Amino acid sequence: MSRMQGGRMVGKLSTAVKYGGLIAYSLMTLFPLLWILSISFRDNDQIFTSIRLIPESFKWTNYEQVLLGGNIPRAFWNSVSITTLSIVLLLFCVLTLSFAISRFRFKGASAVYLIFSAAVMVPTVTILPMTFKLFNDLHIFGFKYSIVFAYVIYELPVSIFLMVMFMRAIPQELDEASVIDGCNIWQLFTRVILPLSRNGIVTITILAFVAYWNEYLTALIMLPDRANRTLSVALSFTKDENSVKYGLMAASVMIAVIPMIIFYSIVKNQLVKGMSLGAVKG
C-alpha cells in the first residue's frame, strides 16, 4: 500500500513539474508581447522614466497616429493582399504538383521530388540577386504583385516536400475504390485526396502565412516605391530622422501581430479537425 501511495505521489509530482514548466514557458513567451503592448500606450518620457508592465494610463495616441497618419494603413493592406494572393497561388501549385507526384507513376517522378526536397536546403537570400535580375529583364520590377511569384517560389520546395508526404500516407486502396465508384481524376482529387489532406494543407498554410507576413528583405529590395511597402518594411521606417518614438513603433508592432493571432485562432480548430479526419466507409 505504501508503494502504491509513493507511486501516486511521484506521478502527481511529475505532473506538477511538467505543468509548472509549461506555465513558466508560456509566461516567458507572453511577456515580450505584453511588454510591447504596455509600451504602445506610452510616450518616450514615460518609457524612460519608469519600468512597469501596467502603463500609467491607457492613451490611444500612438494607435491614432499609426492608423490616421503615415504609411501603416496602406502597408497593412499591401501585406494582406500580397499574403493572401501568395497563399492562394502557392496552394494551387503545391496541391496539383503533390497530387501528381504522389498518386501517378511517371518517368522522373522521383527525380522531381528529389529536386524539390534538395531545394529546401537552399537559403532564399542566395537566389535574391537572380530574382532581382529576372524581374528587371521581365520589366515587372517594382510592380506590387510581382513579388507574389518570388514568394511562391520561396515556399514551394518545403510545401511540396510536406504535402507529398501527407498524400502518400493516404492508402492507394482509396483511389481504386473511388475509381470503381465512378470517380474521374478531378473528382478523386477534389472529393477524396484534398479532404484527407486537410491537415497538410493547414500546415503549409500556417508556414506560408508566417513567412509571407514577416518577410522583410525581398519586399525591401523588390518594392522600392513607398506606396507598395509591406507592413514589415513600413515598420522599419516608423521613426524620425533624429529620434525613435518607441511607443509609436510598439503600436505598429501590435497592429502587425493582431492578424497573426486571429489567424492562429481560426486555424487551430481546423488543424485539430484535420488530424481527426478519416476515410472509413461502412
# chains A, B, ... in the order shown; residues from 1 in each chain; ligands from 1
>>> select_by_dssp(residues="segment 28-199 of chain A", states="alpha helix (DSSP H)", output="number ranges by chain")
A: 28-39, 44-49, 61-68, 72-103, 109-119, 128-137, 147-168, 172-180, 185-187, 194-196, 198-199
>>> residues_around(residues="Leu223 of chain A", least_positions_apart="3", cutoff="8 Å", atoms="only C-alpha atoms", output="VMD selection string")
chain A and resid 141 to 144 147 218 to 220 226 228 to 229
>>> write_last_selection(atoms="N, CA, C and O atoms", output="CSV table (one decimal), in the first residue's frame")
chain,number,residue,atom,x,y,z
A,141,PHE,N,9.8,44.7,-62.3
A,141,PHE,CA,10.4,45.1,-61.0
A,141,PHE,C,9.7,46.3,-60.5
A,141,PHE,O,9.4,47.3,-61.2
A,142,GLY,N,9.3,46.3,-59.2
A,142,GLY,CA,8.6,47.4,-58.6
A,142,GLY,C,7.1,47.3,-58.6
A,142,GLY,O,6.4,48.0,-57.9
A,143,PHE,N,6.6,46.4,-59.5
A,143,PHE,CA,5.2,46.2,-59.5
A,143,PHE,C,4.8,45.4,-58.3
A,143,PHE,O,5.3,44.4,-57.9
A,144,LYS,N,3.7,45.9,-57.6
A,144,LYS,CA,3.4,45.4,-56.2
A,144,LYS,C,3.2,43.9,-56.2
A,144,LYS,O,3.8,43.2,-55.4
A,147,ILE,N,5.9,40.5,-56.6
A,147,ILE,CA,6.6,39.8,-55.6
A,147,ILE,C,5.9,38.5,-55.2
A,147,ILE,O,6.5,37.7,-54.5
A,218,THR,N,13.2,40.7,-49.1
A,218,THR,CA,12.8,40.7,-50.5
A,218,THR,C,11.8,41.9,-50.8
A,218,THR,O,11.9,42.5,-51.8
A,219,ALA,N,10.9,42.1,-49.8
A,219,ALA,CA,10.0,43.3,-50.0
A,219,ALA,C,10.7,44.6,-50.0
A,219,ALA,O,10.3,45.5,-50.8
A,220,LEU,N,11.7,44.7,-49.2
A,220,LEU,CA,12.5,46.0,-49.2
A,220,LEU,C,13.2,46.2,-50.5
A,220,LEU,O,13.2,47.4,-51.0
A,226,ARG,N,7.3,53.7,-52.1
A,226,ARG,CA,6.8,53.9,-50.7
A,226,ARG,C,5.3,53.4,-50.7
A,226,ARG,O,4.9,52.8,-49.7
A,228,ASN,N,4.0,50.9,-52.2
A,228,ASN,CA,3.9,49.5,-52.3
A,228,ASN,C,4.6,48.7,-51.1
A,228,ASN,O,4.7,47.5,-51.1
A,229,ARG,N,5.1,49.4,-50.1
A,229,ARG,CA,5.7,48.8,-49.0
A,229,ARG,C,4.8,47.9,-48.2
A,229,ARG,O,3.6,48.2,-48.0
>>> residues_around(residues="Asn44 of chain A", least_positions_apart="6", cutoff="7 Å", atoms="only C-alpha atoms", output="JSON, numbers by chain")
{"A": [245, 246, 247]}
>>> residues_around(residues="segment 179-195 of chain A", least_positions_apart="5", cutoff="8 Å", atoms="only C-alpha atoms", output="list in words")
Phe99, Met167, Ile170 and Leu174 of chain A
>>> write_last_selection(atoms="N, CA and C atoms", output="short mmCIF file (atom, residue, chain, number, x, y, z; two decimals), in the first residue's frame")
data_model
loop_
_atom_site.label_atom_id
_atom_site.label_comp_id
_atom_site.auth_asym_id
_atom_site.auth_seq_id
_atom_site.Cartn_x
_atom_site.Cartn_y
_atom_site.Cartn_z
N PHE A 99 -0.19 16.13 -55.84
CA PHE A 99 -1.11 15.08 -56.27
C PHE A 99 -0.52 14.26 -57.41
N MET A 167 0.12 13.20 -48.67
CA MET A 167 -0.69 12.49 -49.67
C MET A 167 -0.25 11.05 -49.82
N ILE A 170 -1.96 8.55 -47.54
CA ILE A 170 -3.33 8.13 -47.85
C ILE A 170 -3.27 6.80 -48.60
N LEU A 174 -7.90 3.55 -51.52
CA LEU A 174 -8.98 4.54 -51.65
C LEU A 174 -9.11 5.01 -53.10
#
>>> atom_distance(atom1="atom CA of Asn136 of chain A", atom2="atom CA of Thr230 of chain A")
20.1 Å
>>> residues_around(residues="Val122 of chain A", least_positions_apart="2", cutoff="12 Å", atoms="only C-alpha atoms", output="VMD selection string")
chain A and resid 115 to 120 124 to 128 153 to 158
>>> closest_residue(among="A:Ile51, A:Lys59, A:Glu64, A:Ser102", to="Asp175 of chain A", atoms="only C-alpha atoms")
A:Ser102
>>> atom_distance(atom1="atom CA of Ala177 of chain A", atom2="atom CA of Arg105 of chain A")
18.0 Å
>>> closest_residue(among="A:Ile101, A:Val112, A:Ile82, A:Val267", to="Ser146 of chain A", atoms="only C-alpha atoms")
A:Ile82
>>> closest_residue(among="A:Leu85, A:Met9, A:Leu248, A:Met254", to="Leu37 of chain A", atoms="only C-alpha atoms")
A:Met254
>>> closest_residue(among="A:Ala211, A:Phe41, A:Arg103, A:Leu217", to="Glu176 of chain A", atoms="only C-alpha atoms")
A:Arg103
>>> closest_residue(among="A:Val164, A:Thr131, A:Ile255, A:Ser50", to="Ala109 of chain A", atoms="only C-alpha atoms")
A:Val164
>>> residues_around(residues="Glu215 of chain A", least_positions_apart="5", cutoff="10 Å", atoms="only C-alpha atoms", output="number ranges by chain")
A: 79, 83, 151, 209-210, 220, 230-233
>>> decode(residues="segment 111-257 of chain A", atoms="C-alpha atoms", output="compact mmCIF listing (two decimals), in the first residue's frame")
# COMPACT_ATOMS: atom_id res chain seq x y z
CA ALA A 111 13.73 12.93 -59.59
CA VAL A 112 11.25 15.82 -59.47
CA TYR A 113 10.50 15.15 -55.81
CA LEU A 114 14.22 14.85 -55.06
CA ILE A 115 14.88 18.23 -56.70
CA PHE A 116 12.22 19.91 -54.59
CA SER A 117 13.49 18.17 -51.45
CA ALA A 118 17.05 19.34 -52.14
CA ALA A 119 15.82 22.90 -52.77
CA VAL A 120 14.60 23.07 -49.17
CA MET A 121 18.23 23.46 -48.07
CA VAL A 122 18.86 26.45 -50.38
CA PRO A 123 18.57 29.79 -48.48
CA THR A 124 16.21 32.21 -50.19
CA VAL A 125 18.72 35.05 -49.84
CA THR A 126 21.08 33.24 -52.25
CA ILE A 127 18.57 33.45 -55.12
CA LEU A 128 17.56 37.04 -54.40
CA PRO A 129 20.13 38.54 -56.86
CA MET A 130 18.87 36.23 -59.62
CA THR A 131 15.29 37.16 -58.77
CA PHE A 132 16.20 40.85 -58.98
CA LYS A 133 17.78 40.38 -62.43
CA LEU A 134 14.88 38.26 -63.69
CA PHE A 135 12.30 40.83 -62.60
CA ASN A 136 14.30 43.56 -64.31
CA ASP A 137 14.51 41.56 -67.54
CA LEU A 138 10.76 40.90 -67.46
CA HIS A 139 10.06 44.59 -66.70
CA ILE A 140 7.99 43.76 -63.62
CA PHE A 141 10.42 45.12 -61.02
CA GLY A 142 8.63 47.42 -58.57
CA PHE A 143 5.16 46.19 -59.52
CA LYS A 144 3.42 45.41 -56.23
CA TYR A 145 2.03 41.99 -57.01
CA SER A 146 5.07 40.77 -58.90
CA ILE A 147 6.59 39.83 -55.56
CA VAL A 148 3.93 37.12 -55.28
CA PHE A 149 5.85 34.99 -57.79
CA ALA A 150 9.02 35.26 -55.70
CA TYR A 151 7.14 34.37 -52.52
CA VAL A 152 5.58 31.28 -54.12
CA ILE A 153 8.97 30.08 -55.36
CA TYR A 154 10.47 30.57 -51.88
CA GLU A 155 7.90 28.35 -50.14
CA LEU A 156 7.31 25.86 -52.95
CA PRO A 157 10.07 23.34 -52.06
CA VAL A 158 9.24 22.87 -48.38
CA SER A 159 5.49 22.91 -49.10
CA ILE A 160 5.74 20.20 -51.77
CA PHE A 161 8.08 18.19 -49.56
CA LEU A 162 5.49 18.18 -46.76
CA MET A 163 2.37 17.77 -48.91
CA VAL A 164 3.74 14.79 -50.85
CA MET A 165 4.37 13.02 -47.54
CA PHE A 166 0.81 13.75 -46.40
CA MET A 167 -0.69 12.49 -49.67
CA ARG A 168 1.49 9.39 -49.76
CA ALA A 169 0.16 8.47 -46.33
CA ILE A 170 -3.33 8.13 -47.85
CA PRO A 171 -3.88 4.46 -48.78
CA GLN A 172 -3.82 3.69 -52.50
CA GLU A 173 -6.83 1.42 -51.99
CA LEU A 174 -8.98 4.54 -51.65
CA ASP A 175 -8.02 5.55 -55.20
CA GLU A 176 -9.06 2.17 -56.55
CA ALA A 177 -12.32 2.20 -54.60
CA SER A 178 -13.11 5.73 -55.82
CA VAL A 179 -12.45 4.79 -59.45
CA ILE A 180 -14.69 1.73 -59.11
CA ASP A 181 -17.43 4.00 -57.72
CA GLY A 182 -17.17 6.13 -60.86
CA CYS A 183 -14.81 8.96 -59.85
CA ASN A 184 -12.66 10.54 -62.52
CA ILE A 185 -9.26 12.09 -61.81
CA TRP A 186 -10.67 15.51 -60.90
CA GLN A 187 -13.27 14.01 -58.56
CA LEU A 188 -10.61 11.81 -56.98
CA PHE A 189 -8.50 14.91 -56.37
CA THR A 190 -11.25 17.18 -55.02
CA ARG A 191 -13.50 14.70 -53.19
CA VAL A 192 -11.03 12.20 -51.78
CA ILE A 193 -7.43 13.42 -51.69
CA LEU A 194 -8.00 17.07 -50.72
CA PRO A 195 -10.35 16.38 -47.76
CA LEU A 196 -7.96 13.76 -46.40
CA SER A 197 -5.02 16.15 -46.88
CA ARG A 198 -6.60 18.96 -44.87
CA ASN A 199 -4.07 18.55 -42.08
CA GLY A 200 -1.22 19.07 -44.56
CA ILE A 201 -2.98 22.00 -46.22
CA VAL A 202 -3.39 23.74 -42.88
CA THR A 203 0.26 23.07 -42.03
CA ILE A 204 1.69 24.60 -45.19
CA THR A 205 -0.79 27.48 -44.96
CA ILE A 206 0.47 28.31 -41.46
CA LEU A 207 4.11 28.13 -42.55
CA ALA A 208 3.45 30.24 -45.64
CA PHE A 209 1.43 32.86 -43.76
CA VAL A 210 4.13 33.36 -41.14
CA ALA A 211 6.86 33.53 -43.79
CA TYR A 212 5.00 35.96 -46.06
CA TRP A 213 3.64 38.22 -43.33
CA ASN A 214 7.05 38.66 -41.66
CA GLU A 215 9.19 38.72 -44.82
CA TYR A 216 11.37 41.83 -44.99
CA LEU A 217 14.43 41.65 -47.26
CA THR A 218 12.75 40.71 -50.53
CA ALA A 219 9.97 43.25 -50.02
CA LEU A 220 12.51 45.96 -49.18
CA ILE A 221 14.51 45.35 -52.36
CA MET A 222 11.80 44.39 -54.84
CA LEU A 223 9.24 47.04 -53.84
CA PRO A 224 11.14 50.34 -53.62
CA ASP A 225 8.05 52.52 -54.07
CA ARG A 226 6.78 53.87 -50.75
CA ALA A 227 3.16 53.17 -51.73
CA ASN A 228 3.94 49.47 -52.26
CA ARG A 229 5.74 48.80 -48.97
CA THR A 230 4.59 45.86 -46.91
CA LEU A 231 3.92 46.17 -43.22
CA SER A 232 7.24 44.67 -42.12
CA VAL A 233 9.11 47.21 -44.26
CA ALA A 234 6.94 50.15 -43.24
CA LEU A 235 7.55 49.36 -39.56
CA SER A 236 11.27 49.91 -40.02
CA PHE A 237 10.53 53.47 -41.15
CA THR A 238 8.42 54.28 -38.08
CA LYS A 239 10.92 56.75 -36.69
CA ASP A 240 12.10 60.33 -37.11
CA GLU A 241 15.42 61.34 -38.59
CA ASN A 242 16.98 62.09 -35.19
CA SER A 243 14.90 60.03 -32.75
CA VAL A 244 12.82 56.90 -32.39
CA LYS A 245 9.30 57.01 -30.99
CA TYR A 246 9.22 53.68 -29.24
CA GLY A 247 5.57 53.92 -28.25
CA LEU A 248 4.59 54.57 -31.86
CA MET A 249 6.73 51.68 -33.03
CA ALA A 250 5.23 49.38 -30.38
CA ALA A 251 1.72 50.30 -31.52
CA SER A 252 2.71 49.47 -35.10
CA VAL A 253 4.07 46.11 -33.99
CA MET A 254 0.83 45.30 -32.16
CA ILE A 255 -1.17 46.11 -35.27
CA ALA A 256 1.09 43.73 -37.21
CA VAL A 257 0.76 40.96 -34.59
